[in-house]
Amino acid sequence: MTSSFSSLSRRPVLVLLAFLAFFSLGLPDGLLGVSWPSIRSSFDVPLGALGLLASFATAGYLTASFLSGRILRVLPIGSMLALSTLAAALALLGFALTSYWPVLLAFSFIAGLGGGAIDAGLNAYGAVHFSARTLNWLHASWGLGTTMGPLIVTGVLTSGNVWRWSYVIVGGTQLLLALTFFFTRQRWVDGVKASEAHTPPVPAARTRDTLRRPVVWLGMLTCFLYGGVEVATAQWSYSLLTLGRAVPETTAGLYVSLYWGSLMAGRILFGVVAHRVSLVSTLRWCLIASVAGAVLFWLEPTQWLSTAGLMMLGLFFAPIFASLISLTPMRVGAAHANSAIGFQIAAGGLGGAALTALIGVITRWAGLEAIGFSIVIAAVLLLAVYEGLTRAGRQEPVLETVPG
């Protein structure tokens, strides 16, 4: 009885820590875009150098995500979170202090390492110990962080300070969070032990054994396509609206904000009902609705309907990624879950970069209207691959039982 009560009292603390971690994970993602004009001026680099800086961060993110399963076999989750957050904090503070472009690139890689480890580690932990509802709310808190990041930079610049202070603020916040993770690291270990009191622990499988399972590769491909279509929609819709459809810049900016807002609101709303519905069939209907939204955005029967299509994309994309992660332990088995989730996180990040770049290439010879058509094709492919993933994991229950 004492152990059960201790487990219940511990869970809200872990959930709160996870919310803070996802919020802090979103903060740096929101900083770079707004601060980049000031950064490039400070380092005297061309505007296009943003791609190089982002590539270093992505390389670090993918590396840490892909290796997260192996890391979690030797390092407890609490210690991993403390070290990863410390690395991200020091990298952000390094952004504020360095005056050398190559050093900034190195700090970008380190920040990516920290972010990838936090993202994969918390998703792997949450898939086993949190409900689908909580996972959706965790991803919504990331959206809150990405929303706050630009506001911090804007506040710093409008107050007359240099852009570096925004990185000091966020880096300092992450440093405090790293200390919090360090002093609470045993709570995560105790939380794992408490859940294993009723179920014997399953030894983690080797990475190469996990990669031999077809369902793991289908899960990676699904996350690759999802990450690609979500990010590409966000990155290219503004260009299509302003340069291709002559929508005023302020109006187009509002439409893109509505897309992000729909994504965050959808995760919050879905979290309310996630434990009452079949995730498998609900995701299928969400993907079908997202295809309909993509078609409206592409064909633009009217500007209002096109905007509605963009918001539909955000709203129906909302539950997909967190729910895919939540379903993974049942699809691949507990022994493979940590590595498989790490692979999926990495695949999602790679898909976001790859599909965004591919659409950029396509627009050079097919014009800006190819953006909308490309989003439709990506959404249809995502639906088809998801159906393949569902069939591959059909031995699992249709109505999932998740920790409440």
# chains A, B, ... in the order shown; residues from 1 in each chain; ligands from 1
>>> residues_around(residues="region 207-215 of chain A", least_positions_apart="5", cutoff="12 Å", atoms="only C-alpha atoms", output="PDB file with N, CA, C and O atoms, in the first residue's frame")
ATOM      1  N   PHE A  66      18.876   8.789 -32.631  1.00  0.00           N
ATOM      2  CA  PHE A  66      19.111   7.438 -33.123  1.00  0.00           C
ATOM      3  C   PHE A  66      19.808   6.567 -32.079  1.00  0.00           C
ATOM      4  O   PHE A  66      19.554   5.360 -31.989  1.00  0.00           O
ATOM      5  N   LEU A  67      20.676   7.171 -31.273  1.00  0.00           N
ATOM      6  CA  LEU A  67      21.432   6.410 -30.278  1.00  0.00           C
ATOM      7  C   LEU A  67      20.763   6.383 -28.910  1.00  0.00           C
ATOM      8  O   LEU A  67      21.311   5.803 -27.972  1.00  0.00           O
ATOM      9  N   SER A  68      19.602   6.998 -28.784  1.00  0.00           N
ATOM     10  CA  SER A  68      18.989   7.143 -27.461  1.00  0.00           C
ATOM     11  C   SER A  68      18.678   5.800 -26.803  1.00  0.00           C
ATOM     12  O   SER A  68      18.832   5.643 -25.587  1.00  0.00           O
ATOM     13  N   GLY A  69      18.228   4.821 -27.609  1.00  0.00           N
ATOM     14  CA  GLY A  69      17.935   3.513 -27.033  1.00  0.00           C
ATOM     15  C   GLY A  69      19.159   2.881 -26.415  1.00  0.00           C
ATOM     16  O   GLY A  69      19.110   2.300 -25.323  1.00  0.00           O
ATOM     17  N   ARG A  70      20.290   2.998 -27.110  1.00  0.00           N
ATOM     18  CA  ARG A  70      21.548   2.447 -26.589  1.00  0.00           C
ATOM     19  C   ARG A  70      21.988   3.197 -25.334  1.00  0.00           C
ATOM     20  O   ARG A  70      22.472   2.596 -24.362  1.00  0.00           O
ATOM     21  N   ILE A  71      21.811   4.518 -25.337  1.00  0.00           N
ATOM     22  CA  ILE A  71      22.199   5.320 -24.175  1.00  0.00           C
ATOM     23  C   ILE A  71      21.360   4.949 -22.957  1.00  0.00           C
ATOM     24  O   ILE A  71      21.875   4.802 -21.843  1.00  0.00           O
ATOM     25  N   LEU A  72      20.049   4.752 -23.172  1.00  0.00           N
ATOM     26  CA  LEU A  72      19.151   4.438 -22.056  1.00  0.00           C
ATOM     27  C   LEU A  72      19.410   3.053 -21.471  1.00  0.00           C
ATOM     28  O   LEU A  72      18.956   2.758 -20.364  1.00  0.00           O
ATOM     29  N   ARG A  73      20.133   2.207 -22.200  1.00  0.00           N
ATOM     30  CA  ARG A  73      20.481   0.902 -21.643  1.00  0.00           C
ATOM     31  C   ARG A  73      21.570   1.014 -20.580  1.00  0.00           C
ATOM     32  O   ARG A  73      21.729   0.107 -19.755  1.00  0.00           O
ATOM     33  N   MET A 220       9.263   3.945 -38.624  1.00  0.00           N
ATOM     34  CA  MET A 220      10.196   5.015 -38.978  1.00  0.00           C
ATOM     35  C   MET A 220       9.731   5.748 -40.234  1.00  0.00           C
ATOM     36  O   MET A 220       9.780   6.978 -40.300  1.00  0.00           O
ATOM     37  N   LEU A 221       9.275   4.989 -41.234  1.00  0.00           N
ATOM     38  CA  LEU A 221       8.815   5.620 -42.478  1.00  0.00           C
ATOM     39  C   LEU A 221       7.586   6.478 -42.226  1.00  0.00           C
ATOM     40  O   LEU A 221       7.447   7.578 -42.790  1.00  0.00           O
ATOM     41  N   THR A 222       6.675   5.999 -41.358  1.00  0.00           N
ATOM     42  CA  THR A 222       5.482   6.784 -41.022  1.00  0.00           C
ATOM     43  C   THR A 222       5.875   8.102 -40.367  1.00  0.00           C
ATOM     44  O   THR A 222       5.354   9.170 -40.715  1.00  0.00           O
ATOM     45  N   LEU A 327       1.666   4.242 -29.245  1.00  0.00           N
ATOM     46  CA  LEU A 327       1.343   2.902 -29.725  1.00  0.00           C
ATOM     47  C   LEU A 327       2.577   2.026 -29.935  1.00  0.00           C
ATOM     48  O   LEU A 327       2.448   0.802 -30.054  1.00  0.00           O
ATOM     49  N   THR A 328       3.744   2.614 -29.993  1.00  0.00           N
ATOM     50  CA  THR A 328       4.950   1.870 -30.359  1.00  0.00           C
ATOM     51  C   THR A 328       5.268   0.699 -29.439  1.00  0.00           C
ATOM     52  O   THR A 328       5.584  -0.394 -29.931  1.00  0.00           O
ATOM     53  N   PRO A 329       5.235   0.846 -28.102  1.00  0.00           N
ATOM     54  CA  PRO A 329       5.570  -0.318 -27.262  1.00  0.00           C
ATOM     55  C   PRO A 329       4.696  -1.538 -27.538  1.00  0.00           C
ATOM     56  O   PRO A 329       5.175  -2.672 -27.481  1.00  0.00           O
ATOM     57  N   MET A 330       3.427  -1.337 -27.854  1.00  0.00           N
ATOM     58  CA  MET A 330       2.547  -2.469 -28.153  1.00  0.00           C
ATOM     59  C   MET A 330       2.844  -3.060 -29.523  1.00  0.00           C
ATOM     60  O   MET A 330       2.654  -4.248 -29.753  1.00  0.00           O
ATOM     61  N   ARG A 331       3.296  -2.238 -30.450  1.00  0.00           N
ATOM     62  CA  ARG A 331       3.554  -2.732 -31.804  1.00  0.00           C
ATOM     63  C   ARG A 331       4.878  -3.487 -31.888  1.00  0.00           C
ATOM     64  O   ARG A 331       5.001  -4.455 -32.633  1.00  0.00           O
ATOM     65  N   VAL A 332       5.889  -3.020 -31.165  1.00  0.00           N
ATOM     66  CA  VAL A 332       7.218  -3.617 -31.315  1.00  0.00           C
ATOM     67  C   VAL A 332       7.622  -4.460 -30.116  1.00  0.00           C
ATOM     68  O   VAL A 332       8.599  -5.211 -30.189  1.00  0.00           O
ATOM     69  N   GLY A 333       6.922  -4.321 -28.979  1.00  0.00           N
ATOM     70  CA  GLY A 333       7.298  -5.042 -27.772  1.00  0.00           C
ATOM     71  C   GLY A 333       8.160  -4.184 -26.867  1.00  0.00           C
ATOM     72  O   GLY A 333       8.912  -3.315 -27.325  1.00  0.00           O
ATOM     73  N   ALA A 334       8.054  -4.434 -25.559  1.00  0.00           N
ATOM     74  CA  ALA A 334       8.761  -3.609 -24.574  1.00  0.00           C
ATOM     75  C   ALA A 334      10.271  -3.645 -24.757  1.00  0.00           C
ATOM     76  O   ALA A 334      10.953  -2.647 -24.527  1.00  0.00           O
ATOM     77  N   ALA A 335      10.815  -4.786 -25.174  1.00  0.00           N
ATOM     78  CA  ALA A 335      12.271  -4.908 -25.306  1.00  0.00           C
ATOM     79  C   ALA A 335      12.828  -3.999 -26.396  1.00  0.00           C
ATOM     80  O   ALA A 335      13.981  -3.576 -26.331  1.00  0.00           O
ATOM     81  N   HIS A 336      12.006  -3.710 -27.402  1.00  0.00           N
ATOM     82  CA  HIS A 336      12.467  -2.904 -28.546  1.00  0.00           C
ATOM     83  C   HIS A 336      11.981  -1.458 -28.479  1.00  0.00           C
ATOM     84  O   HIS A 336      12.355  -0.647 -29.334  1.00  0.00           O
ATOM     85  N   ALA A 337      11.149  -1.112 -27.491  1.00  0.00           N
ATOM     86  CA  ALA A 337      10.440   0.169 -27.507  1.00  0.00           C
ATOM     87  C   ALA A 337      11.379   1.369 -27.479  1.00  0.00           C
ATOM     88  O   ALA A 337      11.235   2.303 -28.278  1.00  0.00           O
ATOM     89  N   ASN A 338      12.352   1.391 -26.549  1.00  0.00           N
ATOM     90  CA  ASN A 338      13.214   2.570 -26.419  1.00  0.00           C
ATOM     91  C   ASN A 338      13.968   2.860 -27.709  1.00  0.00           C
ATOM     92  O   ASN A 338      14.022   4.002 -28.189  1.00  0.00           O
ATOM     93  N   SER A 339      14.577   1.816 -28.299  1.00  0.00           N
ATOM     94  CA  SER A 339      15.332   2.022 -29.538  1.00  0.00           C
ATOM     95  C   SER A 339      14.400   2.413 -30.676  1.00  0.00           C
ATOM     96  O   SER A 339      14.701   3.331 -31.452  1.00  0.00           O
ATOM     97  N   ALA A 340      13.237   1.748 -30.780  1.00  0.00           N
ATOM     98  CA  ALA A 340      12.310   2.046 -31.872  1.00  0.00           C
ATOM     99  C   ALA A 340      11.810   3.477 -31.796  1.00  0.00           C
ATOM    100  O   ALA A 340      11.694   4.161 -32.821  1.00  0.00           O
ATOM    101  N   ILE A 341      11.519   3.956 -30.590  1.00  0.00           N
ATOM    102  CA  ILE A 341      11.040   5.334 -30.441  1.00  0.00           C
ATOM    103  C   ILE A 341      12.148   6.317 -30.794  1.00  0.00           C
ATOM    104  O   ILE A 341      11.909   7.347 -31.444  1.00  0.00           O
ATOM    105  N   GLY A 342      13.367   6.018 -30.387  1.00  0.00           N
ATOM    106  CA  GLY A 342      14.499   6.871 -30.771  1.00  0.00           C
ATOM    107  C   GLY A 342      14.647   6.949 -32.277  1.00  0.00           C
ATOM    108  O   GLY A 342      14.883   8.027 -32.844  1.00  0.00           O
ATOM    109  N   PHE A 343      14.502   5.790 -32.962  1.00  0.00           N
ATOM    110  CA  PHE A 343      14.573   5.784 -34.423  1.00  0.00           C
ATOM    111  C   PHE A 343      13.453   6.624 -35.029  1.00  0.00           C
ATOM    112  O   PHE A 343      13.661   7.338 -36.018  1.00  0.00           O
ATOM    113  N   GLN A 344      12.254   6.545 -34.448  1.00  0.00           N
ATOM    114  CA  GLN A 344      11.122   7.306 -34.975  1.00  0.00           C
ATOM    115  C   GLN A 344      11.318   8.804 -34.798  1.00  0.00           C
ATOM    116  O   GLN A 344      10.992   9.590 -35.695  1.00  0.00           O
ATOM    117  N   VAL A 385       1.077   4.594 -45.866  1.00  0.00           N
ATOM    118  CA  VAL A 385       2.094   3.926 -45.041  1.00  0.00           C
ATOM    119  C   VAL A 385       1.535   3.615 -43.658  1.00  0.00           C
ATOM    120  O   VAL A 385       1.839   2.568 -43.070  1.00  0.00           O
ATOM    121  N   TYR A 386       0.706   4.507 -43.126  1.00  0.00           N
ATOM    122  CA  TYR A 386       0.083   4.239 -41.828  1.00  0.00           C
ATOM    123  C   TYR A 386      -0.779   2.978 -41.893  1.00  0.00           C
ATOM    124  O   TYR A 386      -0.792   2.172 -40.953  1.00  0.00           O
ATOM    125  N   GLU A 387      -1.514   2.801 -42.999  1.00  0.00           N
ATOM    126  CA  GLU A 387      -2.322   1.587 -43.153  1.00  0.00           C
ATOM    127  C   GLU A 387      -1.431   0.352 -43.167  1.00  0.00           C
ATOM    128  O   GLU A 387      -1.777  -0.686 -42.589  1.00  0.00           O
ATOM    129  N   GLY A 388      -0.268   0.453 -43.821  1.00  0.00           N
ATOM    130  CA  GLY A 388       0.672  -0.659 -43.808  1.00  0.00           C
ATOM    131  C   GLY A 388       1.195  -0.942 -42.411  1.00  0.00           C
ATOM    132  O   GLY A 388       1.329  -2.103 -42.003  1.00  0.00           O
ATOM    133  N   LEU A 389       1.494   0.116 -41.658  1.00  0.00           N
ATOM    134  CA  LEU A 389       1.951  -0.041 -40.279  1.00  0.00           C
ATOM    135  C   LEU A 389       0.871  -0.691 -39.422  1.00  0.00           C
ATOM    136  O   LEU A 389       1.163  -1.567 -38.589  1.00  0.00           O
ATOM    137  N   THR A 390      -0.382  -0.289 -39.629  1.00  0.00           N
ATOM    138  CA  THR A 390      -1.494  -0.860 -38.861  1.00  0.00           C
ATOM    139  C   THR A 390      -1.641  -2.348 -39.139  1.00  0.00           C
ATOM    140  O   THR A 390      -1.846  -3.157 -38.222  1.00  0.00           O
ATOM    141  N   ARG A 391      -1.521  -2.737 -40.405  1.00  0.00           N
ATOM    142  CA  ARG A 391      -1.628  -4.164 -40.743  1.00  0.00           C
ATOM    143  C   ARG A 391      -0.460  -4.954 -40.155  1.00  0.00           C
ATOM    144  O   ARG A 391      -0.643  -6.086 -39.699  1.00  0.00           O
ATOM    145  N   ALA A 392       0.720  -4.353 -40.170  1.00  0.00           N
ATOM    146  CA  ALA A 392       1.890  -5.053 -39.625  1.00  0.00           C
ATOM    147  C   ALA A 392       1.759  -5.278 -38.133  1.00  0.00           C
ATOM    148  O   ALA A 392       2.284  -6.251 -37.588  1.00  0.00           O
ATOM    149  N   GLY A 393       1.047  -4.372 -37.442  1.00  0.00           N
ATOM    150  CA  GLY A 393       0.873  -4.509 -36.001  1.00  0.00           C
ATOM    151  C   GLY A 393      -0.509  -4.986 -35.620  1.00  0.00           C
ATOM    152  O   GLY A 393      -0.969  -4.713 -34.517  1.00  0.00           O
ATOM    153  N   ARG A 394      -1.195  -5.708 -36.545  1.00  0.00           N
ATOM    154  CA  ARG A 394      -2.586  -6.078 -36.319  1.00  0.00           C
ATOM    155  C   ARG A 394      -2.762  -7.044 -35.163  1.00  0.00           C
ATOM    156  O   ARG A 394      -3.852  -7.190 -34.621  1.00  0.00           O
ATOM    157  N   GLN A 395      -1.680  -7.722 -34.751  1.00  0.00           N
ATOM    158  CA  GLN A 395      -1.791  -8.635 -33.626  1.00  0.00           C
ATOM    159  C   GLN A 395      -2.046  -7.894 -32.321  1.00  0.00           C
ATOM    160  O   GLN A 395      -2.443  -8.494 -31.329  1.00  0.00           O
TER     161      GLN A 395
END
>>> closest_atom_pairs(of="region 70-140 of chain A", to="region 250-266 of chain A", cutoff="12 Å", atoms="only C-alpha atoms", output="JSON lines")
{"residue": "A:Arg133", "atom": "CA", "partner": "A:Gly266", "partner_atom": "CA", "distance": 11.7}
{"residue": "A:Asn136", "atom": "CA", "partner": "A:Gly266", "partner_atom": "CA", "distance": 8.9}
{"residue": "A:Trp137", "atom": "CA", "partner": "A:Met264", "partner_atom": "CA", "distance": 8.8}
{"residue": "A:Leu138", "atom": "CA", "partner": "A:Met264", "partner_atom": "CA", "distance": 10.3}
{"residue": "A:His139", "atom": "CA", "partner": "A:Met264", "partner_atom": "CA", "distance": 8.0}
{"residue": "A:Ala140", "atom": "CA", "partner": "A:Met264", "partner_atom": "CA", "distance": 5.1}
>>> write_last_selection(atoms="N, CA, C and O atoms", output="PDB file, in the first residue's frame")
ATOM      1  N   ARG A 133      -3.120  10.646 -23.566  1.00  0.00           N
ATOM      2  CA  ARG A 133      -3.582  12.003 -23.256  1.00  0.00           C
ATOM      3  C   ARG A 133      -2.418  12.870 -22.804  1.00  0.00           C
ATOM      4  O   ARG A 133      -2.223  13.984 -23.305  1.00  0.00           O
ATOM      5  N   ASN A 136       0.049  13.730 -25.632  1.00  0.00           N
ATOM      6  CA  ASN A 136      -0.429  14.804 -26.511  1.00  0.00           C
ATOM      7  C   ASN A 136      -0.252  16.164 -25.849  1.00  0.00           C
ATOM      8  O   ASN A 136       0.122  17.140 -26.504  1.00  0.00           O
ATOM      9  N   TRP A 137      -0.516  16.240 -24.551  1.00  0.00           N
ATOM     10  CA  TRP A 137      -0.334  17.509 -23.851  1.00  0.00           C
ATOM     11  C   TRP A 137       1.142  17.882 -23.740  1.00  0.00           C
ATOM     12  O   TRP A 137       1.489  19.068 -23.757  1.00  0.00           O
ATOM     13  N   LEU A 138       2.009  16.883 -23.619  1.00  0.00           N
ATOM     14  CA  LEU A 138       3.452  17.169 -23.619  1.00  0.00           C
ATOM     15  C   LEU A 138       3.865  17.815 -24.933  1.00  0.00           C
ATOM     16  O   LEU A 138       4.611  18.800 -24.950  1.00  0.00           O
ATOM     17  N   HIS A 139       3.383  17.271 -26.037  1.00  0.00           N
ATOM     18  CA  HIS A 139       3.743  17.845 -27.335  1.00  0.00           C
ATOM     19  C   HIS A 139       3.102  19.225 -27.528  1.00  0.00           C
ATOM     20  O   HIS A 139       3.673  20.075 -28.216  1.00  0.00           O
ATOM     21  N   ALA A 140       1.955  19.452 -26.900  1.00  0.00           N
ATOM     22  CA  ALA A 140       1.361  20.791 -26.940  1.00  0.00           C
ATOM     23  C   ALA A 140       2.223  21.791 -26.173  1.00  0.00           C
ATOM     24  O   ALA A 140       2.343  22.957 -26.570  1.00  0.00           O
TER      25      ALA A 140
END
>>> residues_around(residues="region 108-113 of chain A", least_positions_apart="5", cutoff="7 Å", atoms="only C-alpha atoms", output="list of chain:residue names")
A:Leu53, A:Phe56, A:Ala57, A:Thr58, A:Ala59, A:Gly60, A:Tyr61, A:Thr63, A:Ala64, A:Ala87, A:Ala88, A:Ala91, A:Leu92
>>> write_last_selection(atoms="all heavy atoms", output="compact mmCIF listing (two decimals), in the first residue's frame")
# COMPACT_ATOMS: atom_id res chain seq x y z
N LEU A 53 23.71 26.45 -40.45
CA LEU A 53 23.57 26.41 -39.00
C LEU A 53 22.49 25.40 -38.59
O LEU A 53 22.69 24.60 -37.66
CB LEU A 53 23.19 27.81 -38.48
CG LEU A 53 23.20 28.03 -36.97
CD1 LEU A 53 24.60 27.87 -36.40
CD2 LEU A 53 22.65 29.40 -36.62
N PHE A 56 23.74 21.71 -38.88
CA PHE A 56 24.55 21.24 -37.76
C PHE A 56 23.66 20.84 -36.59
O PHE A 56 23.89 19.81 -35.93
CB PHE A 56 25.55 22.32 -37.33
CG PHE A 56 26.85 22.24 -38.07
CD1 PHE A 56 26.96 22.73 -39.36
CD2 PHE A 56 27.97 21.70 -37.47
CE1 PHE A 56 28.16 22.67 -40.06
CE2 PHE A 56 29.18 21.63 -38.15
CZ PHE A 56 29.28 22.11 -39.45
N ALA A 57 22.63 21.65 -36.32
CA ALA A 57 21.70 21.31 -35.24
C ALA A 57 20.94 20.02 -35.55
O ALA A 57 20.77 19.15 -34.68
CB ALA A 57 20.72 22.46 -35.01
N THR A 58 20.51 19.87 -36.81
CA THR A 58 19.80 18.66 -37.21
C THR A 58 20.68 17.43 -37.10
O THR A 58 20.23 16.36 -36.66
CB THR A 58 19.27 18.81 -38.64
OG1 THR A 58 18.39 19.95 -38.71
CG2 THR A 58 18.52 17.58 -39.09
N ALA A 59 21.96 17.57 -37.49
CA ALA A 59 22.89 16.44 -37.39
C ALA A 59 23.04 15.98 -35.95
O ALA A 59 23.03 14.77 -35.65
CB ALA A 59 24.25 16.83 -37.97
N GLY A 60 23.17 16.93 -35.02
CA GLY A 60 23.25 16.57 -33.61
C GLY A 60 21.97 15.92 -33.11
O GLY A 60 22.01 14.92 -32.38
N TYR A 61 20.84 16.48 -33.51
CA TYR A 61 19.54 15.95 -33.10
C TYR A 61 19.35 14.52 -33.57
O TYR A 61 18.93 13.64 -32.81
CB TYR A 61 18.44 16.86 -33.66
CG TYR A 61 17.04 16.45 -33.33
CD1 TYR A 61 16.42 16.92 -32.17
CD2 TYR A 61 16.32 15.59 -34.16
CE1 TYR A 61 15.12 16.54 -31.85
CE2 TYR A 61 15.03 15.21 -33.85
CZ TYR A 61 14.43 15.69 -32.70
OH TYR A 61 13.15 15.31 -32.40
N THR A 63 21.66 12.34 -34.47
CA THR A 63 22.62 11.45 -33.82
C THR A 63 22.14 11.02 -32.44
O THR A 63 22.12 9.82 -32.12
CB THR A 63 23.99 12.15 -33.69
OG1 THR A 63 24.47 12.50 -34.99
CG2 THR A 63 25.01 11.24 -33.00
N ALA A 64 21.72 11.99 -31.63
CA ALA A 64 21.28 11.67 -30.27
C ALA A 64 19.99 10.85 -30.28
O ALA A 64 19.83 9.91 -29.49
CB ALA A 64 21.08 12.95 -29.47
N ALA A 87 23.87 20.07 -21.54
CA ALA A 87 24.54 20.29 -22.82
C ALA A 87 23.82 21.36 -23.64
O ALA A 87 24.46 22.26 -24.23
CB ALA A 87 24.61 18.98 -23.60
N ALA A 88 22.49 21.29 -23.69
CA ALA A 88 21.72 22.28 -24.44
C ALA A 88 21.90 23.67 -23.83
O ALA A 88 22.04 24.67 -24.55
CB ALA A 88 20.24 21.89 -24.46
N ALA A 91 25.32 25.06 -24.65
CA ALA A 91 25.39 25.42 -26.06
C ALA A 91 24.69 26.76 -26.32
O ALA A 91 25.21 27.62 -27.06
CB ALA A 91 24.76 24.32 -26.91
N LEU A 92 23.54 26.96 -25.71
CA LEU A 92 22.81 28.23 -25.89
C LEU A 92 23.58 29.40 -25.29
O LEU A 92 23.63 30.49 -25.87
CB LEU A 92 21.43 28.12 -25.26
CG LEU A 92 20.46 27.16 -25.97
CD1 LEU A 92 19.20 26.96 -25.14
CD2 LEU A 92 20.10 27.68 -27.36
>>> residues_around(residues="region 367-375 of chain A", least_positions_apart="2", cutoff="12 Å", atoms="only C-alpha atoms", output="ChimeraX atom specification")
/A:225-246,290-300,306,309-310,313,355-365,377-382
>>> closest_residue(among="A:Gly26, A:Gly219, A:Gly314, A:Gly351", to="Gly145 (chain A)", atoms="only C-alpha atoms")
A:Gly26
>>> select_by_dssp(residues="region 122-307 of chain A", states="alpha helix (DSSP H)", output="ChimeraX atom specification")
/A:122-129,132-158,164-183,185-196,207-210,214-239,249-273,279-299,303-307
